[in-house]
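Structure file entry10.txt; described as compact mmCIF, C-alpha atoms and all ligand atoms.
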```txt
# COMPACT_ATOMS: atom_id res chain seq x y z
CA MET V 1 -48.91 -179.36 119.60
CA PRO V 2 -46.96 -182.54 118.86
CA ASP V 3 -45.78 -184.50 121.86
CA PHE V 4 -42.35 -183.47 122.99
CA PRO V 5 -40.14 -184.33 125.95
CA PRO V 6 -41.30 -182.71 129.21
CA VAL V 7 -37.81 -181.60 130.23
CA PRO V 8 -36.89 -178.05 129.26
CA LEU V 9 -33.62 -177.69 127.37
CA THR V 10 -30.86 -176.19 129.47
CA LEU V 11 -27.48 -174.68 128.76
CA GLU V 12 -24.66 -175.45 131.17
CA GLY V 13 -21.63 -173.32 131.94
CA SER V 14 -19.12 -172.95 134.74
CA SER V 15 -18.82 -175.50 137.51
CA LEU V 16 -19.32 -174.01 140.97
CA VAL V 17 -18.36 -174.97 144.46
CA HIS V 18 -19.39 -172.92 147.47
CA GLN V 19 -17.31 -173.59 150.58
CA PHE V 20 -18.41 -172.53 154.06
CA PHE V 21 -15.92 -172.60 156.90
CA ARG V 22 -15.83 -171.93 160.59
CA PHE V 23 -12.60 -170.20 161.55
CA ASP V 24 -10.83 -171.55 164.63
CA TRP V 25 -10.29 -168.24 166.44
CA LYS V 26 -9.15 -170.00 169.61
CA ALA V 27 -6.29 -171.81 167.87
CA TRP V 28 -5.48 -168.66 165.87
CA ARG V 29 -5.16 -166.57 169.02
CA ALA V 30 -2.85 -169.21 170.49
CA THR V 31 -0.54 -168.94 167.45
CA ARG V 32 2.62 -166.78 167.65
CA ALA V 33 2.25 -163.39 165.94
CA ASP V 34 5.08 -163.94 163.46
CA GLU V 35 3.62 -167.34 162.59
CA CYS V 36 0.20 -165.72 162.03
CA GLU V 37 1.77 -163.24 159.67
CA ARG V 38 3.52 -165.95 157.71
CA ILE V 39 0.33 -168.04 157.48
CA ALA V 40 -1.76 -165.03 156.40
CA ALA V 41 0.76 -164.01 153.73
CA GLU V 42 0.90 -167.54 152.35
CA ALA V 43 -2.92 -167.81 152.30
CA ILE V 44 -3.31 -164.46 150.52
CA GLU V 45 -0.77 -165.54 147.94
CA ALA V 46 -2.56 -168.86 147.38
CA LEU V 47 -5.99 -167.19 147.19
CA LYS V 48 -4.70 -164.58 144.76
CA GLY V 49 -3.63 -167.41 142.49
CA MET V 50 -7.17 -168.80 142.67
CA GLU V 51 -8.89 -165.45 142.27
CA ARG V 52 -7.81 -164.89 138.66
CA LYS V 53 -6.22 -167.10 136.06
CA ALA V 54 -3.85 -164.22 135.17
CA PRO V 55 -3.69 -160.53 136.13
CA GLY V 56 -6.50 -158.58 134.49
CA THR V 57 -8.65 -161.65 133.77
CA PRO V 58 -12.12 -162.11 135.34
CA VAL V 59 -12.53 -163.01 139.01
CA ARG V 60 -13.25 -166.73 139.34
CA SER V 61 -12.86 -167.21 143.13
CA ALA V 62 -14.17 -164.81 145.77
CA LEU V 63 -13.99 -164.64 149.54
CA TYR V 64 -16.78 -163.45 151.86
CA SER V 65 -16.95 -162.84 155.58
CA GLN V 66 -20.03 -164.75 156.66
CA LEU V 67 -22.72 -163.44 159.00
CA GLY V 68 -24.36 -165.61 161.64
CA HIS V 69 -23.41 -168.83 163.37
CA LYS V 70 -23.35 -171.04 160.26
CA GLY V 71 -19.75 -170.15 159.51
CA ASP V 72 -17.16 -167.39 159.30
CA LEU V 73 -15.82 -167.50 155.75
CA ILE V 74 -17.38 -168.33 152.39
CA LEU V 75 -15.34 -169.13 149.31
CA VAL V 76 -17.08 -169.25 145.94
CA HIS V 77 -15.19 -170.79 143.03
CA PHE V 78 -16.23 -170.71 139.35
CA ARG V 79 -14.24 -173.10 137.15
CA GLU V 80 -14.36 -174.89 133.82
CA SER V 81 -14.88 -178.36 135.24
CA LEU V 82 -15.53 -180.31 138.43
CA LYS V 83 -11.96 -181.57 138.16
CA ASP V 84 -10.64 -177.99 138.26
CA LEU V 85 -12.84 -177.32 141.28
CA ASN V 86 -11.54 -180.38 143.03
CA GLN V 87 -8.00 -179.16 142.37
CA VAL V 88 -8.90 -175.81 143.97
CA GLU V 89 -10.15 -177.66 147.05
CA LEU V 90 -6.91 -179.62 147.22
CA ASP V 91 -4.76 -176.49 146.71
CA LEU V 92 -6.56 -174.75 149.53
CA ALA V 93 -6.05 -177.75 151.79
CA GLN V 94 -2.27 -177.44 151.29
CA THR V 95 -2.15 -173.99 152.92
CA ALA V 96 -1.28 -173.61 156.61
CA LEU V 97 -4.42 -171.47 157.03
CA TYR V 98 -6.52 -174.51 156.17
CA ASP V 99 -5.58 -176.00 159.56
CA TYR V 100 -7.70 -173.23 161.10
CA LEU V 101 -10.63 -173.72 158.72
CA GLU V 102 -13.31 -176.20 159.59
CA PRO V 103 -15.56 -177.05 156.62
CA ARG V 104 -19.14 -176.51 157.76
CA HIS V 105 -20.95 -176.83 154.48
CA SER V 106 -20.38 -176.88 150.75
CA TYR V 107 -22.39 -176.88 147.56
CA VAL V 108 -21.51 -178.23 144.11
CA SER V 109 -23.43 -177.13 141.01
CA VAL V 110 -23.17 -176.00 137.39
CA VAL V 111 -24.35 -172.66 136.00
CA GLU V 112 -27.65 -173.38 134.27
CA LEU V 113 -29.78 -171.36 131.90
CA GLY V 114 -33.23 -172.88 131.62
CA LEU V 115 -34.62 -172.46 128.13
CA TYR V 116 -38.35 -172.63 128.79
CA GLU V 117 -38.99 -169.97 126.16
CA SER V 118 -36.99 -171.45 123.29
CA THR V 119 -37.42 -175.18 124.05
CA ARG V 120 -40.87 -175.27 122.45
CA LYS V 121 -39.59 -173.55 119.29
CA THR V 122 -36.62 -175.91 119.06
CA TYR V 123 -38.80 -178.99 119.47
CA GLU V 124 -41.40 -177.65 117.04
CA ALA V 125 -38.73 -176.91 114.43
CA ALA V 126 -37.45 -180.49 114.76
CA ALA V 127 -41.01 -181.86 114.49
CA ALA V 128 -41.75 -179.66 111.46
CA LYS V 129 -38.82 -181.31 109.70
CA GLY V 130 -40.52 -184.64 110.34
CA PHE V 131 -37.94 -185.86 112.88
CA GLU V 132 -39.09 -188.41 115.45
CA PRO V 133 -38.25 -187.41 119.04
CA HIS V 134 -34.90 -188.94 120.10
CA SER V 135 -34.07 -190.15 116.58
CA PRO V 136 -30.50 -189.40 115.44
CA GLU V 137 -31.72 -186.51 113.22
CA TRP V 138 -33.76 -185.07 116.09
CA ASN V 139 -30.80 -185.35 118.45
CA ALA V 140 -28.53 -183.61 115.94
CA GLU V 141 -31.07 -180.80 115.45
CA ILE V 142 -31.36 -180.26 119.23
CA ALA V 143 -27.58 -180.46 119.75
CA ASP V 144 -27.09 -177.88 117.02
CA SER V 145 -29.62 -175.54 118.60
CA LEU V 146 -27.97 -175.93 122.02
CA LYS V 147 -24.55 -175.25 120.52
CA ARG V 148 -25.79 -171.99 118.98
CA GLY V 149 -27.45 -171.09 122.28
CA SER V 150 -24.25 -171.74 124.23
CA GLU V 151 -22.25 -169.51 121.93
CA ALA V 152 -24.77 -166.68 122.20
CA MET V 153 -25.04 -167.02 125.98
CA ALA V 154 -21.33 -167.57 126.72
CA PRO V 155 -20.97 -164.45 128.94
CA ARG V 156 -23.86 -165.62 131.14
CA LEU V 157 -22.76 -169.25 131.15
CA PHE V 158 -19.19 -168.44 132.17
CA PRO V 159 -19.62 -165.36 134.34
CA ALA V 160 -17.03 -163.63 136.47
CA VAL V 161 -17.91 -163.51 140.16
CA PRO V 162 -19.93 -160.26 140.34
CA GLU V 163 -18.21 -157.42 142.17
CA ALA V 164 -21.12 -156.69 144.57
CA LYS V 165 -20.59 -156.11 148.27
CA TYR V 166 -23.00 -158.82 149.48
CA LEU V 167 -23.65 -162.43 148.56
CA CYS V 168 -26.83 -164.37 149.34
CA PHE V 169 -26.75 -168.11 148.55
CA TYR V 170 -29.37 -170.77 149.08
CA PRO V 171 -30.29 -174.10 147.54
CA MET V 172 -33.81 -174.95 146.45
CA ASP V 173 -36.07 -177.63 145.00
CA ARG V 174 -39.24 -177.63 143.01
CA LYS V 175 -41.88 -179.48 145.00
CA ARG V 176 -42.69 -183.13 144.37
CA GLY V 177 -45.33 -183.47 147.07
CA GLU V 178 -48.63 -185.28 147.44
CA GLN V 179 -50.61 -182.11 146.75
CA VAL V 180 -48.52 -180.49 144.05
CA ASN V 181 -45.75 -181.84 141.89
CA TRP V 182 -43.81 -179.52 139.57
CA TYR V 183 -42.54 -182.46 137.55
CA THR V 184 -46.02 -183.61 136.56
CA ILE V 185 -47.19 -180.14 135.45
CA PRO V 186 -47.54 -179.86 131.65
CA PHE V 187 -44.70 -178.04 129.92
CA ALA V 188 -46.83 -175.10 128.76
CA GLU V 189 -47.98 -174.43 132.33
CA ARG V 190 -44.43 -174.49 133.64
CA GLN V 191 -43.35 -172.25 130.81
CA ARG V 192 -46.06 -169.73 131.73
CA MET V 193 -45.03 -169.76 135.40
CA MET V 194 -41.34 -169.41 134.61
CA HIS V 195 -42.14 -166.52 132.32
CA GLU V 196 -43.92 -164.74 135.16
CA HIS V 197 -41.00 -165.52 137.46
CA GLY V 198 -38.61 -163.93 134.98
CA LEU V 199 -40.78 -160.80 134.73
CA ILE V 200 -40.52 -160.21 138.48
CA GLY V 201 -36.81 -160.95 138.45
CA ARG V 202 -36.14 -158.57 135.61
CA ARG V 203 -37.53 -155.64 137.58
CA TYR V 204 -34.67 -156.18 140.04
CA GLY V 205 -32.12 -156.60 137.28
CA ASP V 206 -30.34 -153.31 137.95
CA GLN V 207 -30.01 -153.94 141.70
CA VAL V 208 -29.19 -157.62 141.92
CA LYS V 209 -27.21 -160.06 139.83
CA GLN V 210 -28.55 -163.61 139.95
CA ILE V 211 -26.71 -166.76 138.98
CA ILE V 212 -28.79 -169.93 138.90
CA SER V 213 -26.87 -173.19 139.00
CA GLY V 214 -28.30 -176.66 138.59
CA SER V 215 -27.29 -179.37 141.03
CA ILE V 216 -29.48 -182.35 140.23
CA GLY V 217 -27.12 -185.33 140.48
CA MET V 218 -24.39 -183.21 142.08
CA ASP V 219 -25.66 -182.05 145.43
CA ASP V 220 -28.58 -182.41 147.82
CA TRP V 221 -30.93 -179.85 146.29
CA GLU V 222 -31.99 -179.22 142.70
CA TRP V 223 -30.67 -175.68 142.23
CA GLY V 224 -28.34 -173.21 143.86
CA VAL V 225 -29.34 -169.55 143.84
CA ASP V 226 -26.62 -166.90 144.07
CA LEU V 227 -27.67 -163.31 144.45
CA PHE V 228 -25.15 -160.47 144.47
CA ALA V 229 -26.09 -156.93 145.50
CA ASP V 230 -24.62 -153.84 147.11
CA ASP V 231 -27.72 -153.40 149.27
CA PRO V 232 -28.62 -156.62 151.16
CA VAL V 233 -32.19 -155.43 151.79
CA VAL V 234 -32.75 -155.99 148.06
CA PHE V 235 -32.35 -159.76 148.71
CA LYS V 236 -35.21 -159.59 151.18
CA LYS V 237 -37.42 -157.53 148.90
CA LEU V 238 -36.82 -159.67 145.81
CA ILE V 239 -37.23 -162.99 147.59
CA TYR V 240 -40.30 -161.72 149.46
CA GLU V 241 -41.94 -160.57 146.26
CA MET V 242 -41.16 -163.89 144.59
CA ARG V 243 -42.80 -165.79 147.45
CA PHE V 244 -46.14 -164.46 146.16
CA ASP V 245 -45.39 -165.57 142.61
CA GLU V 246 -47.01 -168.89 141.68
CA VAL V 247 -43.84 -170.80 140.92
CA SER V 248 -42.34 -169.93 144.32
CA ALA V 249 -45.59 -169.78 146.32
CA VAL V 250 -46.73 -173.23 145.21
CA TYR V 251 -43.69 -175.12 143.98
CA ALA V 252 -40.56 -173.87 145.77
CA LEU V 253 -38.81 -175.50 148.70
CA PHE V 254 -35.81 -173.73 150.18
CA GLY V 255 -32.72 -174.91 152.00
CA GLN V 256 -30.55 -172.89 154.34
CA PHE V 257 -29.72 -169.32 153.50
CA PHE V 258 -26.13 -168.07 153.68
CA ILE V 259 -25.14 -164.44 153.63
CA GLY V 260 -21.72 -162.80 153.48
CA VAL V 261 -19.86 -159.54 152.92
CA ARG V 262 -17.26 -159.53 150.16
CA LEU V 263 -13.78 -159.67 151.63
CA PRO V 264 -11.17 -158.40 149.18
CA LEU V 265 -8.09 -160.60 149.51
CA GLU V 266 -5.88 -157.69 150.56
CA ARG V 267 -8.21 -157.32 153.59
CA LEU V 268 -7.76 -160.91 154.76
CA GLY V 269 -4.79 -159.99 156.96
CA SER V 270 -6.92 -157.35 158.65
CA TRP V 271 -9.87 -159.77 158.99
CA LEU V 272 -7.56 -162.25 160.73
CA ARG V 273 -6.82 -159.50 163.27
CA GLY V 274 -10.57 -159.05 163.78
CA ARG V 275 -11.19 -156.04 161.50
CA LEU V 276 -13.27 -156.20 158.33
O1 LIG E 1 -32.08 -166.52 133.28
C1 LIG E 1 -32.91 -165.66 132.89
O2 LIG E 1 -32.76 -164.43 133.11
C2 LIG E 1 -34.14 -166.12 132.20
C3 LIG E 1 -35.29 -166.09 133.07
C4 LIG E 1 -35.05 -166.89 134.35
C5 LIG E 1 -34.97 -168.29 134.49
C6 LIG E 1 -35.06 -169.36 133.42
C7 LIG E 1 -34.89 -166.32 135.66
C8 LIG E 1 -34.84 -164.96 135.91
N1 LIG E 1 -34.77 -167.33 136.57
C9 LIG E 1 -34.81 -168.54 135.89
C10 LIG E 1 -34.70 -169.82 136.43
MN1 LIG E 1 -34.72 -167.14 138.57
N2 LIG E 1 -34.54 -166.94 140.57
C11 LIG E 1 -34.75 -167.94 141.49
C12 LIG E 1 -34.79 -167.35 142.79
O3 LIG E 1 -36.56 -167.00 146.06
C13 LIG E 1 -37.26 -167.59 145.20
O4 LIG E 1 -38.52 -167.60 145.26
C14 LIG E 1 -36.58 -168.32 144.09
C15 LIG E 1 -35.08 -168.11 144.05
C16 LIG E 1 -34.54 -165.99 142.64
C17 LIG E 1 -34.46 -164.97 143.73
C18 LIG E 1 -34.41 -165.75 141.23
C19 LIG E 1 -34.15 -164.50 140.68
N3 LIG E 1 -34.78 -169.17 138.79
C20 LIG E 1 -34.71 -170.08 137.78
C21 LIG E 1 -34.66 -171.40 138.35
C22 LIG E 1 -34.57 -172.71 137.58
C23 LIG E 1 -35.94 -173.31 137.63
C24 LIG E 1 -36.34 -174.18 136.51
O5 LIG E 1 -35.71 -174.16 135.43
O6 LIG E 1 -37.36 -174.92 136.70
C25 LIG E 1 -34.73 -171.25 139.72
C26 LIG E 1 -34.72 -172.33 140.78
C27 LIG E 1 -34.81 -169.84 139.97
C28 LIG E 1 -34.91 -169.29 141.23
N4 LIG E 1 -34.57 -165.11 138.33
C29 LIG E 1 -34.57 -164.41 137.15
C30 LIG E 1 -34.24 -164.22 139.34
C31 LIG E 1 -34.02 -162.91 138.76
C32 LIG E 1 -33.59 -161.69 139.56
C33 LIG E 1 -34.22 -163.05 137.41
C34 LIG E 1 -34.12 -161.96 136.37
C35 LIG E 1 -32.70 -161.87 135.89
C36 LIG E 1 -32.54 -160.78 134.90
O7 LIG E 1 -33.28 -160.77 133.92
O8 LIG E 1 -31.63 -159.96 135.12
```

Write-out of the structure in structure tokens:
Amino acid sequence: MPDFPPVPLTLEGSSLVHQFFRFDWKAWRATRADECERIAAEAIEALKGMERKAPGTPVRSALYSQLGHKGDLILVHFRESLKDLNQVELDLAQTALYDYLEPRHSYVSVVELGLYESTRKTYEAAAAKGFEPHSPEWNAEIADSLKRGSEAMAPRLFPAVPEAKYLCFYPMDRKRGEQVNWYTIPFAERQRMMHEHGLIGRRYGDQVKQIISGSIGMDDWEWGVDLFADDPVVFKKLIYEMRFDEVSAVYALFGQFFIGVRLPLERLGSWLRGRL
């Protein structure tokens, strides 16, 4: 095996921001009923504009009613760029409802498909042609391979927000500790572990939709994990089973978990009156 860079090739897609808000129920209850109605109608209108680019196109922003004390509402936005996401944040801030929303947390990342399986083949093909790693010919060969990969994977790189009833989101790292360090493990070993990870995941494929986003250089953890399912117990079962898998058991560190129930926009008025 010729030497090749230790970093797996990745494909990047949509830019994501997750927003977590506490809702100021006290201020809301102190607001006149007609004013509440006006504010709700304006917010629904604004959120509808964010939800889809045009009627009939895929959902790119979704609202969730959050469980637990960490917040009350979650907004997930999928866009083409960080600039577009920033514009969404600014648009939301212009609504009167925003005065009742207190940002509690957020997470910025980019949809990422890790190519552990094909990286080796791509590098080997470049080496077989006699290209030196990082030479212009090598770079062109890799760029070409990534371009073909992106085209083939477009639906997974630029997904719609899945229509499931529940969302589970959490950030995670691969360990860089004194005892074990993912980033010093040889590529082939990591590839083997990621393969086993994928095998477990695939068994849950019909019950849960997973979107992995990379956030190195963008937010405080290395990846964001979004899981979408109609039965929230599936989150527990999948994540529990993965805990016993080498790559999670030995190398995974997790941040806070966030869980919400999908709130269709036409139900927001009802939610603001205290009914899901
Ligand atoms: O994307 C793919 O389907 C290819 C295989 C695959 C990759 C590359 C895959 C499959 N994952 C990949 C990458 Mn995953 N995943 C997690 C978690 O709770 C835990 O222990 C970990 C959190 C879950 C629940 C999960 C589910 N995955 C990654 C990465 C990037 C790491 C890297 O590149 O080093 C992370 C951090 C991560 C974490 N994964 C799957 C799933 C599921 C359900 C699948 C199968 C999807 C399917 O085939 O439908």

Problem set entry | Residues near V:Tyr170, cut-off 10 Å, all atoms listed in the file, skip fewer than 5 positions along chain, as a count of residues only | 13

Problem set entry | Within 8 Å of ligand LIG 1 (chain E), counting all atoms listed in the file, residues as a ChimeraX atom specification | /V:8,10,112-116,172-174,190,194-195,197-206,208-214,222-225,227,235,238-243,245,247-249,252,254

Would you save the residues of that selection, restricted to C-alpha atoms, as an mmCIF file, keeping the file's coordinate frame?
```
data_model
loop_
_atom_site.group_PDB
_atom_site.id
_atom_site.type_symbol
_atom_site.label_atom_id
_atom_site.label_comp_id
_atom_site.auth_asym_id
_atom_site.auth_seq_id
_atom_site.Cartn_x
_atom_site.Cartn_y
_atom_site.Cartn_z
ATOM 1 C CA PRO V 8 -36.890 -178.050 129.260
ATOM 2 C CA THR V 10 -30.860 -176.190 129.470
ATOM 3 C CA GLU V 112 -27.650 -173.380 134.270
ATOM 4 C CA LEU V 113 -29.780 -171.360 131.900
ATOM 5 C CA GLY V 114 -33.230 -172.880 131.620
ATOM 6 C CA LEU V 115 -34.620 -172.460 128.130
ATOM 7 C CA TYR V 116 -38.350 -172.630 128.790
ATOM 8 C CA MET V 172 -33.810 -174.950 146.450
ATOM 9 C CA ASP V 173 -36.070 -177.630 145.000
ATOM 10 C CA ARG V 174 -39.240 -177.630 143.010
ATOM 11 C CA ARG V 190 -44.430 -174.490 133.640
ATOM 12 C CA MET V 194 -41.340 -169.410 134.610
ATOM 13 C CA HIS V 195 -42.140 -166.520 132.320
ATOM 14 C CA HIS V 197 -41.000 -165.520 137.460
ATOM 15 C CA GLY V 198 -38.610 -163.930 134.980
ATOM 16 C CA LEU V 199 -40.780 -160.800 134.730
ATOM 17 C CA ILE V 200 -40.520 -160.210 138.480
ATOM 18 C CA GLY V 201 -36.810 -160.950 138.450
ATOM 19 C CA ARG V 202 -36.140 -158.570 135.610
ATOM 20 C CA ARG V 203 -37.530 -155.640 137.580
ATOM 21 C CA TYR V 204 -34.670 -156.180 140.040
ATOM 22 C CA GLY V 205 -32.120 -156.600 137.280
ATOM 23 C CA ASP V 206 -30.340 -153.310 137.950
ATOM 24 C CA VAL V 208 -29.190 -157.620 141.920
ATOM 25 C CA LYS V 209 -27.210 -160.060 139.830
ATOM 26 C CA GLN V 210 -28.550 -163.610 139.950
ATOM 27 C CA ILE V 211 -26.710 -166.760 138.980
ATOM 28 C CA ILE V 212 -28.790 -169.930 138.900
ATOM 29 C CA SER V 213 -26.870 -173.190 139.000
ATOM 30 C CA GLY V 214 -28.300 -176.660 138.590
ATOM 31 C CA GLU V 222 -31.990 -179.220 142.700
ATOM 32 C CA TRP V 223 -30.670 -175.680 142.230
ATOM 33 C CA GLY V 224 -28.340 -173.210 143.860
ATOM 34 C CA VAL V 225 -29.340 -169.550 143.840
ATOM 35 C CA LEU V 227 -27.670 -163.310 144.450
ATOM 36 C CA PHE V 235 -32.350 -159.760 148.710
ATOM 37 C CA LEU V 238 -36.820 -159.670 145.810
ATOM 38 C CA ILE V 239 -37.230 -162.990 147.590
ATOM 39 C CA TYR V 240 -40.300 -161.720 149.460
ATOM 40 C CA GLU V 241 -41.940 -160.570 146.260
ATOM 41 C CA MET V 242 -41.160 -163.890 144.590
ATOM 42 C CA ARG V 243 -42.800 -165.790 147.450
ATOM 43 C CA ASP V 245 -45.390 -165.570 142.610
ATOM 44 C CA VAL V 247 -43.840 -170.800 140.920
ATOM 45 C CA SER V 248 -42.340 -169.930 144.320
ATOM 46 C CA ALA V 249 -45.590 -169.780 146.320
ATOM 47 C CA ALA V 252 -40.560 -173.870 145.770
ATOM 48 C CA PHE V 254 -35.810 -173.730 150.180
#
```

Problem set entry | Nearest-residue call for V:Trp182, choices V:Leu90, V:Val250, V:Ile39, V:Asp34, using all atoms listed in the file |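 Residue with the minimum atom-to-atom distance to V:Trp182: V:Val250.
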
Problem set entry | Contacts of V:Asp230 within 8 Å, all atoms listed in the file, excl. fewer than 4 positions in-chain, as an NGL selection string | :V and (164-166 or 207-208)

Problem set entry | V:Glu51 surroundings by only C-alpha atoms, 6 Å radius, close-in-sequence under 6 positions cut, as a list in words |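 In the requested format, the answer is Val59, Arg60 and Ser61 of chain V.
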
Exercise. Out of V:Ala93, V:Ala125, V:Val88, V:Val111, which residue has the shortest atom-to-atom distance to V:Pro155 when counting all atoms listed in the file?
Worked result: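 When distances to V:Pro155 are compared using all atoms listed in the file, the smallest one comes from V:Val111.
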
Problem set entry | Test item: which residues lie within 12 Å of (-38.0, -174.1, 119.4) counting all atoms listed in the file, as a list in words |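 Counting all atoms listed in the file, I find these residues within 12 Å of (-38.0, -174.1, 119.4): Phe4, Pro8, Leu9, Leu115, Tyr116, Glu117, Ser118, Thr119, Arg120, Lys121, Thr122, Tyr123, Glu124, Ala125, Ala126, Ala127, Ala128, Glu141, Ile142, Asp144, Ser145, Leu146 and Gly149 of chain V.
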
For this session: Please provide as a list in words all residues within 10 Å of V:Val108, with the sequence filter that same-chain residues fewer than 5 positions apart are discarded (counting only C-alpha atoms).
Result: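 These residues fall inside the cut-off: Ser15, Leu16, Val17, His18, Gln19, His77, Leu82, Leu85, Ser213, Gly214, Ser215, Ile216, Gly217, Met218, Asp219, Asp220, Trp221, Trp223 and Gly224 of chain V.
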
Store the residues picked out above in a file with C-alpha atoms, as a short mmCIF file (atom, residue, chain, number, x, y, z; two decimals), in the coordinates of the input.
```
data_model
loop_
_atom_site.label_atom_id
_atom_site.label_comp_id
_atom_site.auth_asym_id
_atom_site.auth_seq_id
_atom_site.Cartn_x
_atom_site.Cartn_y
_atom_site.Cartn_z
CA SER V 15 -18.82 -175.50 137.51
CA LEU V 16 -19.32 -174.01 140.97
CA VAL V 17 -18.36 -174.97 144.46
CA HIS V 18 -19.39 -172.92 147.47
CA GLN V 19 -17.31 -173.59 150.58
CA HIS V 77 -15.19 -170.79 143.03
CA LEU V 82 -15.53 -180.31 138.43
CA LEU V 85 -12.84 -177.32 141.28
CA SER V 213 -26.87 -173.19 139.00
CA GLY V 214 -28.30 -176.66 138.59
CA SER V 215 -27.29 -179.37 141.03
CA ILE V 216 -29.48 -182.35 140.23
CA GLY V 217 -27.12 -185.33 140.48
CA MET V 218 -24.39 -183.21 142.08
CA ASP V 219 -25.66 -182.05 145.43
CA ASP V 220 -28.58 -182.41 147.82
CA TRP V 221 -30.93 -179.85 146.29
CA TRP V 223 -30.67 -175.68 142.23
CA GLY V 224 -28.34 -173.21 143.86
#
```

Exercise. Given the choices V:Leu268, V:Val261, V:Phe244, V:Ser135, which gets closest to V:Gly68 if the distance is worked out from only C-alpha atoms?
Worked result: V:Val261

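Of note, atom CA of V:Gln94 and atom CA of V:Glu45 are spaced 12.5 Å apart.
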
Exercise. What is the distance between atom CA of V:Glu102 and atom CA of V:Asp231, in Å to one decimal?
Worked result: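 Distance reported for this atom pair: 28.9 Å.
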
I need stretch 227-261 of chain V from the structure I supplied, saved as a PDB file, in the first residue's frame with C-alpha atoms retained.
```pdb
ATOM      1  CA  LEU V 227     -31.888  11.358  13.424  1.00  0.00           C
ATOM      2  CA  PHE V 228     -35.491  11.459  12.208  1.00  0.00           C
ATOM      3  CA  ALA V 229     -38.018   8.766  13.137  1.00  0.00           C
ATOM      4  CA  ASP V 230     -41.717   8.281  13.764  1.00  0.00           C
ATOM      5  CA  ASP V 231     -40.998   6.185  16.855  1.00  0.00           C
ATOM      6  CA  PRO V 232     -38.607   7.962  19.266  1.00  0.00           C
ATOM      7  CA  VAL V 233     -37.731   4.704  21.044  1.00  0.00           C
ATOM      8  CA  VAL V 234     -35.832   3.795  17.866  1.00  0.00           C
ATOM      9  CA  PHE V 235     -33.354   6.606  18.710  1.00  0.00           C
ATOM     10  CA  LYS V 236     -32.651   4.932  22.026  1.00  0.00           C
ATOM     11  CA  LYS V 237     -32.301   1.473  20.527  1.00  0.00           C
ATOM     12  CA  LEU V 238     -30.028   2.567  17.674  1.00  0.00           C
ATOM     13  CA  ILE V 239     -27.795   4.753  19.815  1.00  0.00           C
ATOM     14  CA  TYR V 240     -27.645   2.091  22.540  1.00  0.00           C
ATOM     15  CA  GLU V 241     -26.627  -0.583  20.073  1.00  0.00           C
ATOM     16  CA  MET V 242     -23.982   1.708  18.592  1.00  0.00           C
ATOM     17  CA  ARG V 243     -22.497   2.323  22.041  1.00  0.00           C
ATOM     18  CA  PHE V 244     -21.264  -1.286  21.940  1.00  0.00           C
ATOM     19  CA  ASP V 245     -19.731  -0.832  18.505  1.00  0.00           C
ATOM     20  CA  GLU V 246     -15.979  -0.164  18.588  1.00  0.00           C
ATOM     21  CA  VAL V 247     -16.028   3.226  16.922  1.00  0.00           C
ATOM     22  CA  SER V 248     -18.586   4.563  19.417  1.00  0.00           C
ATOM     23  CA  ALA V 249     -17.522   2.499  22.446  1.00  0.00           C
ATOM     24  CA  VAL V 250     -13.885   3.569  22.205  1.00  0.00           C
ATOM     25  CA  TYR V 251     -13.728   6.737  20.142  1.00  0.00           C
ATOM     26  CA  ALA V 252     -16.990   8.689  20.509  1.00  0.00           C
ATOM     27  CA  LEU V 253     -17.614  11.682  22.743  1.00  0.00           C
ATOM     28  CA  PHE V 254     -21.112  13.139  22.809  1.00  0.00           C
ATOM     29  CA  GLY V 255     -22.481  16.594  23.474  1.00  0.00           C
ATOM     30  CA  GLN V 256     -25.968  17.468  24.626  1.00  0.00           C
ATOM     31  CA  PHE V 257     -28.928  15.651  23.163  1.00  0.00           C
ATOM     32  CA  PHE V 258     -31.942  17.581  21.883  1.00  0.00           C
ATOM     33  CA  ILE V 259     -35.281  16.026  21.081  1.00  0.00           C
ATOM     34  CA  GLY V 260     -38.391  17.510  19.514  1.00  0.00           C
ATOM     35  CA  VAL V 261     -41.774  16.720  17.961  1.00  0.00           C
TER      36      VAL V 261
END
```
